[in-house]
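A short worksheet on the structure shown next.
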Amino acid sequence: APRPAAAAPSSGPPRPPGEKPVASPAVRRRALEAGIDLRQVRGTGPAGRIGHDDLDAFLNAPPEDAAPAPAGRAARTAVEEIKVIGLRRRIAQRMADAKRRVAHFSYVEEVDVTAVEELRAALNQRHGASRPKLTLIPFLVQALVRALPDFPQMNAHYDDEAEVIHRHAGVHVGIATQTPSGLMVPVLRHAETRDLWNSATEVRRLAEAARNGLAARDELSGSTITITSLGALGGIVTTPVINRPEVAIIGVNKQVMRPVWRDGAFVPRLTMNLSASFDHRVVDGYDAALFVQALKSLLETPATLFMEA
């Protein structure tokens, strides 16, 4: 039968130094196993003898410094069950398949985007509503178009079942887009044929079509390299998951004003990290670093985006 709870306090001030607690060997062994100093336990037996009831009361007593639960706040115990179906299920399967089959590695580089952001703001102000509003994405698309001819292994598909790499001449950029149904990747086809404004127009059209559920099937497949961005929520660093069968994905992180050492003094510069992931089965780390450095150079000197080769 359960022992009745002890009415006396379960603990009290430490016993004076040298005073040995009075307890049976069984109580001492139990206290030792529980990591309890018996000098902290108040005994309710004769001559302050500590029994099992006193040990139970000590173990069950709340900490002295524990704050009482706020009045009027009820514990939330509901559990909602959501079946993973439809697009959410397909996304889960693709992400799990990519992580299981692709040898991911990531490379992060800080980019000074002061100049490209000044150019972007100036172009938007100059053209106003007569042209689509420019974001950083069309500039990054132009940088990819410029850099990929020197790094054809990045603009590729890897068929790991046939063990064949397909390098693409055309640059078909996937634009990862958050929609009410989940993440979708509409494709900006043949980016190498588009200028800055045309890229901006098509990126906007594709994103709106995806969010409204109007994107055609062929607009959601066939990308050769993907850009993913969370905009202002982009964090400092990300490790994006590759969109199989592609072998590279470029992640855009948020822009932050930082002090940068230039010409013997600290100056405020707008910076941003590019977080890129690559398939190590196809792309070597050295080549990945060179590729991201090439993108960095193009974005930091945006005039080179418009120079003829």
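Identifiers in this document derive from the order of the structure tokens: chains are assigned A, B, ..., residues are numbered from 1 separately in each chain, and ligands are numbered from 1 in order of occurrence.
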Enumerate, in order of chain and increasing residue number, the residues of range 173-192 of chain A with an atom no farther than 12 Å from range 92-101 of chain A, each with its shortest atom pair and distance in Å to one decimal, counting only C-alpha atoms, as a Markdown table.
```
| residue | atom | partner | partner_atom | distance |
| --- | --- | --- | --- | --- |
| A:Gly182 | CA | A:Ala92 | CA | 10.0 |
| A:Leu183 | CA | A:Ala92 | CA | 10.1 |
| A:Met184 | CA | A:Arg94 | CA | 11.4 |
```
Report as a VMD selection string all protein, DNA and RNA residues lying within 12 Å of Leu144 in chain A, evaluated on only C-alpha atoms, omitting residues in the same chain fewer than 3 positions from it. chain A and resid 137 to 141 147 to 152 154 to 155 170 to 174 190 to 192 224 to 227 248 to 250 291 to 299 305
Export of the given selection (N, CA, C and O atoms) as a short mmCIF file (atom, residue, chain, number, x, y, z; two decimals), in the first residue's frame:
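Below is the file again.cif, written as the result:
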```cif
data_model
loop_
_atom_site.label_atom_id
_atom_site.label_comp_id
_atom_site.auth_asym_id
_atom_site.auth_seq_id
_atom_site.Cartn_x
_atom_site.Cartn_y
_atom_site.Cartn_z
N ILE A 137 17.41 39.61 -58.23
CA ILE A 137 17.40 38.34 -58.98
C ILE A 137 17.80 38.51 -60.44
O ILE A 137 18.64 37.75 -60.96
N PRO A 138 17.25 39.48 -61.21
CA PRO A 138 17.68 39.62 -62.60
C PRO A 138 19.17 39.91 -62.75
O PRO A 138 19.80 39.45 -63.71
N PHE A 139 19.75 40.64 -61.80
CA PHE A 139 21.19 40.88 -61.85
C PHE A 139 21.96 39.58 -61.62
O PHE A 139 22.98 39.32 -62.27
N LEU A 140 21.48 38.76 -60.69
CA LEU A 140 22.14 37.48 -60.44
C LEU A 140 21.99 36.55 -61.64
O LEU A 140 22.91 35.80 -61.98
N VAL A 141 20.84 36.62 -62.31
CA VAL A 141 20.65 35.83 -63.53
C VAL A 141 21.68 36.24 -64.58
O VAL A 141 22.30 35.38 -65.24
N ALA A 147 28.97 33.88 -66.11
CA ALA A 147 29.96 33.00 -65.48
C ALA A 147 29.89 31.56 -65.99
O ALA A 147 30.93 30.88 -66.06
N LEU A 148 28.73 31.06 -66.32
CA LEU A 148 28.57 29.64 -66.61
C LEU A 148 29.37 29.14 -67.82
O LEU A 148 29.80 27.97 -67.80
N PRO A 149 29.59 29.91 -68.88
CA PRO A 149 30.42 29.39 -69.96
C PRO A 149 31.82 28.95 -69.51
O PRO A 149 32.42 28.05 -70.11
N ASP A 150 32.34 29.59 -68.45
CA ASP A 150 33.64 29.19 -67.92
C ASP A 150 33.54 28.05 -66.93
O ASP A 150 34.57 27.47 -66.54
N PHE A 151 32.32 27.71 -66.52
CA PHE A 151 32.11 26.62 -65.55
C PHE A 151 30.94 25.75 -66.03
O PHE A 151 29.90 25.66 -65.38
N PRO A 152 31.12 25.08 -67.16
CA PRO A 152 30.00 24.31 -67.73
C PRO A 152 29.55 23.16 -66.84
O PRO A 152 28.41 22.69 -66.97
N MET A 154 28.72 23.32 -63.88
CA MET A 154 27.68 23.78 -62.97
C MET A 154 26.29 23.79 -63.62
O MET A 154 25.28 23.64 -62.94
N ASN A 155 26.27 24.00 -64.92
CA ASN A 155 25.01 24.09 -65.67
C ASN A 155 24.71 22.72 -66.27
O ASN A 155 24.77 22.53 -67.48
N GLY A 170 22.33 25.97 -73.08
CA GLY A 170 21.33 26.95 -72.67
C GLY A 170 21.24 27.06 -71.16
O GLY A 170 21.38 26.07 -70.43
N VAL A 171 21.03 28.27 -70.67
CA VAL A 171 20.92 28.52 -69.23
C VAL A 171 19.45 28.65 -68.87
O VAL A 171 18.80 29.65 -69.20
N HIS A 172 18.92 27.64 -68.22
CA HIS A 172 17.52 27.60 -67.81
C HIS A 172 17.49 27.71 -66.28
O HIS A 172 17.76 26.72 -65.59
N VAL A 173 17.17 28.88 -65.78
CA VAL A 173 17.31 29.17 -64.36
C VAL A 173 16.01 28.89 -63.62
O VAL A 173 14.96 29.51 -63.90
N GLY A 174 16.05 27.98 -62.66
CA GLY A 174 14.91 27.75 -61.79
C GLY A 174 14.85 28.84 -60.72
O GLY A 174 15.88 29.18 -60.13
N HIS A 190 16.19 29.86 -71.27
CA HIS A 190 17.16 30.55 -72.13
C HIS A 190 17.46 31.95 -71.62
O HIS A 190 17.29 32.95 -72.32
N ALA A 191 17.94 31.99 -70.39
CA ALA A 191 18.32 33.27 -69.80
C ALA A 191 19.42 33.96 -70.59
O ALA A 191 19.56 35.18 -70.53
N GLU A 192 20.20 33.18 -71.32
CA GLU A 192 21.30 33.78 -72.10
C GLU A 192 20.78 34.67 -73.23
O GLU A 192 21.54 35.47 -73.78
N THR A 224 18.24 24.08 -65.28
CA THR A 224 19.60 23.52 -65.25
C THR A 224 20.41 24.02 -64.06
O THR A 224 21.43 23.44 -63.73
N ILE A 225 19.96 25.10 -63.44
CA ILE A 225 20.57 25.62 -62.22
C ILE A 225 19.51 26.47 -61.54
O ILE A 225 18.67 27.07 -62.22
N THR A 226 19.49 26.51 -60.21
CA THR A 226 18.40 27.16 -59.49
C THR A 226 18.91 28.26 -58.58
O THR A 226 19.99 28.16 -58.00
N ILE A 227 18.09 29.32 -58.47
CA ILE A 227 18.31 30.40 -57.50
C ILE A 227 17.21 30.30 -56.45
O ILE A 227 16.04 30.14 -56.78
N ALA A 248 23.84 22.21 -58.93
CA ALA A 248 24.19 23.43 -58.22
C ALA A 248 22.95 24.26 -57.95
O ALA A 248 22.00 24.26 -58.73
N ILE A 249 22.96 24.95 -56.80
CA ILE A 249 21.89 25.87 -56.44
C ILE A 249 22.52 27.05 -55.72
O ILE A 249 23.44 26.89 -54.92
N ILE A 250 22.04 28.27 -56.02
CA ILE A 250 22.59 29.49 -55.45
C ILE A 250 21.56 30.10 -54.51
O ILE A 250 20.44 30.41 -54.93
N PHE A 291 33.82 29.42 -59.00
CA PHE A 291 32.54 29.82 -59.61
C PHE A 291 31.85 30.90 -58.77
O PHE A 291 31.40 31.92 -59.29
N VAL A 292 31.77 30.68 -57.46
CA VAL A 292 31.13 31.67 -56.59
C VAL A 292 31.94 32.97 -56.57
O VAL A 292 31.38 34.07 -56.54
N GLN A 293 33.27 32.85 -56.62
CA GLN A 293 34.09 34.06 -56.68
C GLN A 293 33.83 34.84 -57.98
O GLN A 293 33.87 36.08 -57.99
N ALA A 294 33.57 34.12 -59.06
CA ALA A 294 33.26 34.79 -60.33
C ALA A 294 31.94 35.54 -60.22
O ALA A 294 31.81 36.68 -60.70
N LEU A 295 30.93 34.94 -59.59
CA LEU A 295 29.66 35.63 -59.37
C LEU A 295 29.86 36.85 -58.49
O LEU A 295 29.29 37.91 -58.75
N LYS A 296 30.67 36.70 -57.46
CA LYS A 296 30.97 37.82 -56.56
C LYS A 296 31.58 38.99 -57.32
O LYS A 296 31.17 40.15 -57.16
N SER A 297 32.57 38.69 -58.18
CA SER A 297 33.24 39.74 -58.94
C SER A 297 32.26 40.46 -59.86
O SER A 297 32.29 41.70 -59.98
N LEU A 298 31.38 39.73 -60.51
CA LEU A 298 30.42 40.33 -61.42
C LEU A 298 29.42 41.22 -60.69
O LEU A 298 29.07 42.30 -61.16
N LEU A 299 28.95 40.77 -59.52
CA LEU A 299 27.98 41.56 -58.77
C LEU A 299 28.62 42.79 -58.12
O LEU A 299 27.96 43.82 -57.96
N LEU A 305 28.49 43.27 -66.09
CA LEU A 305 27.34 42.47 -66.51
C LEU A 305 26.83 42.86 -67.88
O LEU A 305 26.15 42.06 -68.55
#
```
Out of range 169-262 of chain A, which residues get helix (DSSP H, G or I) from DSSP, as a PyMOL selection string? chain A and resi 191-193+196-211+217-220+231-233
If you keep N, CA, C and O atoms, can you produce a file of those selected residues as a CSV table (one decimal), in the first residue's frame?
```csv
chain,number,residue,atom,x,y,z
A,191,ALA,N,17.9,32.0,-70.4
A,191,ALA,CA,18.3,33.3,-69.8
A,191,ALA,C,19.4,34.0,-70.6
A,191,ALA,O,19.6,35.2,-70.5
A,192,GLU,N,20.2,33.2,-71.3
A,192,GLU,CA,21.3,33.8,-72.1
A,192,GLU,C,20.8,34.7,-73.2
A,192,GLU,O,21.5,35.5,-73.8
A,193,THR,N,19.5,34.5,-73.6
A,193,THR,CA,18.9,35.4,-74.7
A,193,THR,C,18.2,36.6,-74.1
A,193,THR,O,17.7,37.4,-74.9
A,196,LEU,N,18.3,42.4,-69.0
A,196,LEU,CA,18.0,42.6,-67.6
A,196,LEU,C,16.5,42.8,-67.4
A,196,LEU,O,15.8,42.2,-66.5
A,197,TRP,N,15.9,43.7,-68.3
A,197,TRP,CA,14.4,44.0,-68.2
A,197,TRP,C,13.6,42.8,-68.5
A,197,TRP,O,12.6,42.5,-67.9
A,198,ASN,N,14.0,42.1,-69.6
A,198,ASN,CA,13.2,40.9,-70.0
A,198,ASN,C,13.2,39.8,-68.9
A,198,ASN,O,12.2,39.2,-68.6
A,199,SER,N,14.4,39.7,-68.3
A,199,SER,CA,14.5,38.7,-67.2
A,199,SER,C,13.6,39.1,-66.0
A,199,SER,O,12.9,38.2,-65.5
A,200,ALA,N,13.6,40.4,-65.7
A,200,ALA,CA,12.7,40.8,-64.6
A,200,ALA,C,11.3,40.6,-64.9
A,200,ALA,O,10.5,40.1,-64.0
A,201,THR,N,10.9,40.9,-66.1
A,201,THR,CA,9.5,40.7,-66.5
A,201,THR,C,9.1,39.2,-66.4
A,201,THR,O,8.0,38.9,-65.9
A,202,GLU,N,9.9,38.3,-66.9
A,202,GLU,CA,9.6,36.9,-66.9
A,202,GLU,C,9.6,36.3,-65.5
A,202,GLU,O,8.8,35.5,-65.2
A,203,VAL,N,10.6,36.7,-64.7
A,203,VAL,CA,10.7,36.2,-63.4
A,203,VAL,C,9.4,36.6,-62.6
A,203,VAL,O,8.8,35.8,-61.9
A,204,ARG,N,8.9,37.8,-62.8
A,204,ARG,CA,7.7,38.3,-62.1
A,204,ARG,C,6.5,37.5,-62.6
A,204,ARG,O,5.6,37.1,-61.8
A,205,ARG,N,6.4,37.3,-63.9
A,205,ARG,CA,5.3,36.5,-64.5
A,205,ARG,C,5.2,35.1,-64.0
A,205,ARG,O,4.2,34.6,-63.6
A,206,LEU,N,6.4,34.5,-64.0
A,206,LEU,CA,6.4,33.1,-63.5
A,206,LEU,C,6.1,32.9,-62.0
A,206,LEU,O,5.4,32.0,-61.6
A,207,ALA,N,6.6,33.9,-61.2
A,207,ALA,CA,6.3,33.8,-59.8
A,207,ALA,C,4.8,34.0,-59.5
A,207,ALA,O,4.2,33.3,-58.7
A,208,GLU,N,4.2,34.9,-60.2
A,208,GLU,CA,2.8,35.2,-60.0
A,208,GLU,C,1.9,34.0,-60.5
A,208,GLU,O,1.0,33.6,-59.9
A,209,ALA,N,2.4,33.4,-61.6
A,209,ALA,CA,1.6,32.2,-62.1
A,209,ALA,C,1.7,31.0,-61.1
A,209,ALA,O,0.8,30.3,-60.9
A,210,ALA,N,2.9,30.9,-60.6
A,210,ALA,CA,3.1,29.8,-59.6
A,210,ALA,C,2.3,30.0,-58.4
A,210,ALA,O,1.6,29.1,-57.8
A,211,ARG,N,2.3,31.2,-57.8
A,211,ARG,CA,1.5,31.5,-56.6
A,211,ARG,C,0.0,31.4,-56.8
A,211,ARG,O,-0.7,31.0,-55.9
A,217,ARG,N,2.7,23.0,-66.8
A,217,ARG,CA,3.6,21.9,-66.4
A,217,ARG,C,5.0,22.2,-66.9
A,217,ARG,O,6.0,22.0,-66.2
A,218,ASP,N,5.1,22.6,-68.2
A,218,ASP,CA,6.5,22.8,-68.8
A,218,ASP,C,7.2,24.0,-68.2
A,218,ASP,O,8.4,24.2,-68.4
A,219,GLU,N,6.4,24.9,-67.5
A,219,GLU,CA,7.1,26.0,-66.8
A,219,GLU,C,7.7,25.6,-65.5
A,219,GLU,O,8.3,26.5,-64.8
A,220,LEU,N,7.4,24.4,-65.0
A,220,LEU,CA,7.8,24.0,-63.7
A,220,LEU,C,8.9,22.9,-63.8
A,220,LEU,O,9.1,22.2,-62.8
A,231,GLY,N,14.5,36.6,-49.5
A,231,GLY,CA,14.4,38.1,-49.4
A,231,GLY,C,14.9,38.6,-48.1
A,231,GLY,O,16.0,38.2,-47.6
A,232,ALA,N,14.2,39.5,-47.4
A,232,ALA,CA,14.6,40.0,-46.2
A,232,ALA,C,14.7,39.0,-45.1
A,232,ALA,O,15.3,39.2,-44.0
A,233,LEU,N,14.1,37.8,-45.2
A,233,LEU,CA,14.1,36.8,-44.2
A,233,LEU,C,15.3,35.8,-44.5
A,233,LEU,O,15.3,34.7,-43.9
```
Write down as a PyMOL selection string the residues belonging to range 23-177 of chain A that are assigned strand (DSSP E) by DSSP computed on the backbone. chain A and resi 104-112+156-159+164-167+173-175+177
Of the listed residues A:Val247, A:Ala23, A:Val113, A:Leu55, that which approaches Asp284 in chain A most closely, counting only C-alpha atoms: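 Under the stated criterion, the closest residue is A:Val247.
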